[in-house]
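Written out below as structure tokens is the structure these notes cover.
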Amino acid sequence: MIHELGHFALILAAMVAVVQAVIPLIGAQKRWPGWMAMAEPAATAQFLLTAGAFAALTHAFVTSDFSVRLVYANSHTLKPMLYKISGVWGNHEGSMLLWLLILTLFGACLAWFGGNLPPGLKARALAVQSAIAVAFFAFILFTSNPFERLDIAGVPFDGRGLNPLLQDPGLALHPPFLYLGYVGLSMAFSFAVAALIEGRVDAAWGRWVRPWTLAAWIFLTIGIALGSWWAYYELGWGGFWFWDPVENASFMPWLLAAALLHSAIVVEKRESLKSWTILLAILAFGFSLIGTFIVRSGVITSVHAFANDPERGVFILLILGVYMGGALTLFAARAGAMEAKGVFGVVSRESALVLNNVFLAVACFVVFIGTIWPLLSELFFERVLSVGPPFFNVAFTPFMMALGAILPIGAMLPWKRAAMGRVVPKLWPAAVLAVAVAGLAWSVQTEKTLLGPVGALLGAWIVVGAVIDVLSRTGRGGSIGARLSRLTRLPRADWGKLTAHAGLGVTMFAIAGLMAWEVEDIRVAQIDEPFAVGGYEITLKQVQDTQGPNYLSTMADIEISRKGRLVTVLHPEKRVYPVAGMPTTEAAIDYRALRDLYVVIGDAQSNGGHTVRTYIKPFTNWIWFGCAMMAFGGLLSLTDRRYRVAAGARKTPKKTDGVPAE
């Protein structure tokens, strides 16, 4: 009964979405306050109905209602409660319902917290947001109904279970955060289309769109980091990033969202780059839809794609074509309304931000080409090929290095017109320290590779440059106490900028250090016969069979010693989930500040030994620490009070026939 109510709530929400997509748009065009105001309660009702449908599906999973096809296919009575709940979105239909829930949540948040917006812009933005929801309501109701009953006689006693790879705390949290980022970019898209319909893009629009984009970027950063961490310790491959199509699907919108954030600053401060910023807002959400198509259609193989259904892929491709095509057509038609007002010199903060946008956008394009090229090759040239890490590492890395090189300088340049002679001398401590750190890295490494020292140089340059940027805002005069006092009074956005940029520097250094200095050893190990790897002594003590809550395990006990002293005992596993009939590899990791010891147990060999893979991974945890810094920096900026007050201290608009002027 409850799941029928959930299905009914989903249908009602779709009907409300249709109304919200039409009535406020007409009201804004005709300047009818009542019709425009209808968007707010409709957005709230749409979210509450969708939340009710999601709660009904969650109830079916928690109570193991195997009369529902989705529960039968993705749950089991032996599963821990965490994975029963995460099983709601650990499949195609449930994940699309989560997508809709977040989409309607963002629309409701705009209705609740958008009181400082002009009525016309708010009504149009809510209408566009609801128009997106209409398409996805149609998608889920007609092709991916999560409430479909199981079409067999009698209710099964048990289900087939969730994919074992998804039965992990990290991946239980990964999709919700990723979707909050994916779907959050729909707000930037809605604001962009609403501004195009209205025919006005100004500094206030730049101020309004930034917090929504920043929130989406924060969630994307957390979601990508969680996915990377999960792949690192769960898949047993020993890497943090594999340039998998699904990984790329989330990384491309992240790059464009970062570009959009910086571009919107120029619109807000200088009323320049209007066309480019609107285009970025459209493309960022467009790449979110492209990512959805990659994950759902099955046209590109991935280790953690949700679906393999070309029919559903065509539906999503149709949504992409309609919304992106419509938005870009409107963009072309309204080009005259986006004339830039501010002018700036070649050397200025505006130019640095333009360069920042170019590097990020081209990097995104490189990832897109590498991701989609196998499909194009097979489609047009009838050649099956794969594009792997070597291509991405060579083609993508130079743009990130260039971005890191200009970041500290660009952040300190004044608006409109600047002189390099006044900015560069302030950064000489960062340059000296960066060169010193790179020299230290070169001198202590055993294999003379440039990758590690260059990463150390860029990381130190970005981190120290960000610190100098903040210190420079306290002025030159006064005592140390006075300067510290001014430092504490800086806006949170400045501290957020420092933290996020420093996080990028830490991540760059950690990735370069890991790739340059990682040690790998693969061999057949015998019981109680030690072997050496990178200064450590590894001993396979025993291998035994154990049983978990819903799996069978072959677990090894491996001692790690250094200079005769025991460091740790690790317990890597090979698991088999009988219900799913699927094996998984569980790596054992000794986490330390400067390195990880990563051990994987393989199959038994004919000579009585077992395959053992051992990795020594320097600075791995710094990668996710840097990502956490970036996300926290974004959060600090988001809490800046300037995002919570009216943009640009707008004056109360005059009224014309009882209707506020736009």
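Going through the structure tokens in order, the chains are called A, B, and so on, while each chain numbers its residues from 1 and the ligands are numbered from 1 in the order shown.
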
Neighbours of range 616-630 of chain A within 7 Å (only C-alpha atoms; same-chain residues fewer than 2 positions away dropped), as a list in words?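 Selected residues are Thr221, Ala225, Thr499, Ala500, His501, Gly503, Leu504, Val506, Thr507, Ala510, Ile511, Gly513, Leu514, Trp517, Glu518, Val519, Glu520, Leu594, Arg595, Asp596, Leu597, Tyr598, Thr614, Phe632, Gly633 and Gly634 of chain A.
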
Residues of range 213-271 of chain A that approach range 182-199 of chain A to 7 Å or less, counting only C-alpha atoms: could you list each one with the shortest pair of atoms and its distance in Å to one decimal, rows by chain and increasing residue number, as JSON lines?
{"residue": "A:Thr213", "atom": "CA", "partner": "A:Ala188", "partner_atom": "CA", "distance": 6.0}
{"residue": "A:Ala216", "atom": "CA", "partner": "A:Gly184", "partner_atom": "CA", "distance": 4.7}
{"residue": "A:Leu220", "atom": "CA", "partner": "A:Tyr182", "partner_atom": "CA", "distance": 6.9}

Keeping only N, CA and C atoms, take the residues you just selected and write them out as a compact mmCIF listing (two decimals), in the first residue's frame.
# COMPACT_ATOMS: atom_id res chain seq x y z
N THR A 213 26.16 28.05 -7.73
CA THR A 213 27.25 27.34 -8.41
C THR A 213 28.30 26.86 -7.42
N ALA A 216 27.06 23.76 -5.61
CA ALA A 216 27.17 22.58 -6.49
C ALA A 216 28.63 22.14 -6.61
N LEU A 220 30.20 18.53 -5.62
CA LEU A 220 30.93 17.75 -6.62
C LEU A 220 32.32 17.39 -6.13

Fewer than 5 positions away in the same chain doesn't count, so skip those; otherwise give me all residues within 6 Å of range 226-241 of chain A, counting only C-alpha atoms, as a list in words.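 With the cut-off at 6 Å, the set is Gly170, His174, Thr585, Glu586 and Ala587 of chain A.
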
For the selection you just gave me, I'd like the residues written to a file as a PDB file, in the first residue's frame, keeping N, CA and C atoms.
ATOM      1  N   GLY A 170      31.888   4.140   1.855  1.00  0.00           N
ATOM      2  CA  GLY A 170      32.307   5.236   0.987  1.00  0.00           C
ATOM      3  C   GLY A 170      31.386   5.407  -0.206  1.00  0.00           C
ATOM      4  N   HIS A 174      28.867   8.370  -1.673  1.00  0.00           N
ATOM      5  CA  HIS A 174      29.370   8.953  -2.917  1.00  0.00           C
ATOM      6  C   HIS A 174      28.253   9.435  -3.853  1.00  0.00           C
ATOM      7  N   THR A 585      37.833  -7.955  -4.227  1.00  0.00           N
ATOM      8  CA  THR A 585      39.158  -7.877  -3.592  1.00  0.00           C
ATOM      9  C   THR A 585      39.133  -6.759  -2.560  1.00  0.00           C
ATOM     10  N   GLU A 586      39.541  -7.084  -1.331  1.00  0.00           N
ATOM     11  CA  GLU A 586      39.588  -6.101  -0.254  1.00  0.00           C
ATOM     12  C   GLU A 586      41.047  -5.865   0.117  1.00  0.00           C
ATOM     13  N   ALA A 587      41.571  -4.730  -0.302  1.00  0.00           N
ATOM     14  CA  ALA A 587      42.962  -4.409   0.022  1.00  0.00           C
ATOM     15  C   ALA A 587      43.095  -4.089   1.502  1.00  0.00           C
TER      16      ALA A 587
END

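DSSP on the backbone gives strand (DSSP E) for these parts of range 508-537 of chain A: Val519, Glu520, Asp521, Ile522, Arg523, Val524, Ala525, Phe531, Ala532, Val533, Tyr536 and Glu537 of chain A.
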
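Among the candidate residues A:Phe147, A:Phe137, A:Tyr577, A:Phe113, the one lying nearest to Phe61 in chain A is A:Phe147, with distances computed using only C-alpha atoms.
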
Long-range neighbours of Asp151 in chain A as a list in words, 10 Å cut-off, only C-alpha atoms, 5 positions minimum in chain: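 Residues meeting the cut-off are Ser67, Val68 and Arg69 of chain A.
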
Atoms to include: N, CA and C atoms. Write the selected residues as a PDB file, in the first residue's frame.
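The result, written out as result_21.pdb:
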ATOM      1  N   SER A  67       8.017  -7.803  -3.042  1.00  0.00           N
ATOM      2  CA  SER A  67       6.993  -7.730  -4.090  1.00  0.00           C
ATOM      3  C   SER A  67       7.297  -6.604  -5.074  1.00  0.00           C
ATOM      4  N   VAL A  68       8.175  -5.666  -4.668  1.00  0.00           N
ATOM      5  CA  VAL A  68       8.618  -4.590  -5.555  1.00  0.00           C
ATOM      6  C   VAL A  68       9.833  -5.094  -6.340  1.00  0.00           C
ATOM      7  N   ARG A  69       9.744  -5.008  -7.650  1.00  0.00           N
ATOM      8  CA  ARG A  69      10.797  -5.561  -8.496  1.00  0.00           C
ATOM      9  C   ARG A  69      12.170  -4.983  -8.149  1.00  0.00           C
TER      10      ARG A  69
END

Hey, which of A:Asn356, A:Ser348, A:Asn248, A:Gln445 ends up closest to Pro414 in chain A? Count only C-alpha atoms. A:Ser348

For Cys364 in chain A, the nearest of the candidates A:Ala249, A:Ala337, A:Leu318, A:Leu330, counting only C-alpha atoms: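 The answer is A:Ala249, which sits nearest to Cys364 in chain A.
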
Spatial neighbours of Tyr536 in chain A, max dist 12 Å, only C-alpha atoms, sep filter under 3 positions, as a compact mmCIF listing (two decimals) with N, CA and C atoms, in the first residue's frame:
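As written to disk, part_16.txt reads:
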# COMPACT_ATOMS: atom_id res chain seq x y z
N VAL A 519 56.26 2.73 -5.18
CA VAL A 519 56.98 1.46 -5.32
C VAL A 519 55.96 0.33 -5.45
N ASP A 521 55.39 -3.99 -6.11
CA ASP A 521 56.00 -5.32 -6.14
C ASP A 521 54.89 -6.36 -6.26
N PRO A 530 60.05 -14.32 4.17
CA PRO A 530 59.99 -12.86 4.00
C PRO A 530 60.64 -12.41 2.68
N PHE A 531 60.17 -11.24 2.22
CA PHE A 531 60.77 -10.60 1.06
C PHE A 531 60.78 -9.09 1.28
N ALA A 532 61.66 -8.40 0.59
CA ALA A 532 61.87 -6.96 0.81
C ALA A 532 61.19 -6.14 -0.28
N VAL A 533 60.56 -5.04 0.14
CA VAL A 533 59.96 -4.07 -0.79
C VAL A 533 60.20 -2.67 -0.23
N THR A 539 56.14 -10.43 5.21
CA THR A 539 56.07 -11.86 5.50
C THR A 539 54.61 -12.32 5.49
N GLU A 559 52.68 -9.71 7.91
CA GLU A 559 53.46 -8.87 8.81
C GLU A 559 54.36 -7.93 8.00
N ILE A 560 54.42 -6.68 8.44
CA ILE A 560 55.28 -5.67 7.82
C ILE A 560 56.30 -5.23 8.87
N SER A 561 57.57 -5.38 8.55
CA SER A 561 58.64 -4.98 9.49
C SER A 561 59.60 -4.02 8.79
N ARG A 562 60.31 -3.25 9.61
CA ARG A 562 61.33 -2.34 9.07
C ARG A 562 62.51 -2.32 10.04
N LYS A 563 63.67 -2.70 9.53
CA LYS A 563 64.90 -2.77 10.34
C LYS A 563 64.69 -3.65 11.57
N GLY A 564 64.00 -4.78 11.37
CA GLY A 564 63.80 -5.74 12.45
C GLY A 564 62.68 -5.39 13.41
N ARG A 565 61.99 -4.29 13.20
CA ARG A 565 60.92 -3.86 14.10
C ARG A 565 59.58 -3.99 13.42
N LEU A 566 58.61 -4.61 14.09
CA LEU A 566 57.28 -4.80 13.51
C LEU A 566 56.57 -3.47 13.33
N VAL A 567 56.12 -3.21 12.13
CA VAL A 567 55.40 -1.97 11.82
C VAL A 567 53.90 -2.18 11.98
N THR A 568 53.37 -3.23 11.35
CA THR A 568 51.93 -3.51 11.43
C THR A 568 51.68 -4.91 10.89
N LEU A 597 51.06 1.83 3.12
CA LEU A 597 51.45 0.47 2.74
C LEU A 597 50.18 -0.24 2.30
N THR A 614 52.19 -5.71 -3.44
CA THR A 614 52.56 -4.76 -2.39
C THR A 614 52.90 -3.41 -3.03
N TYR A 615 52.34 -2.35 -2.47
CA TYR A 615 52.62 -1.00 -2.96
C TYR A 615 53.04 -0.13 -1.78
N ILE A 616 54.01 0.73 -2.01
CA ILE A 616 54.33 1.80 -1.08
C ILE A 616 53.95 3.11 -1.78

Shell around Val463 in chain A at 12 Å using only C-alpha atoms, local window under 3 positions removed, as a count of residues only: 36

Please provide as a VMD selection string all residues within 9 Å of Ser64 in chain A, with the sequence filter that same-chain residues fewer than 4 positions apart are discarded (counting only C-alpha atoms). chain A and resid 59 to 60 71 to 72 75 to 77 84 158 to 159

So, with only C-alpha atoms as the atoms that count, which of A:Ala39, A:Met81, A:Ile290, A:Leu178 lies closest to Leu110 in chain A?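 The shortest atom-to-atom distance to Leu110 in chain A comes from A:Ala39.
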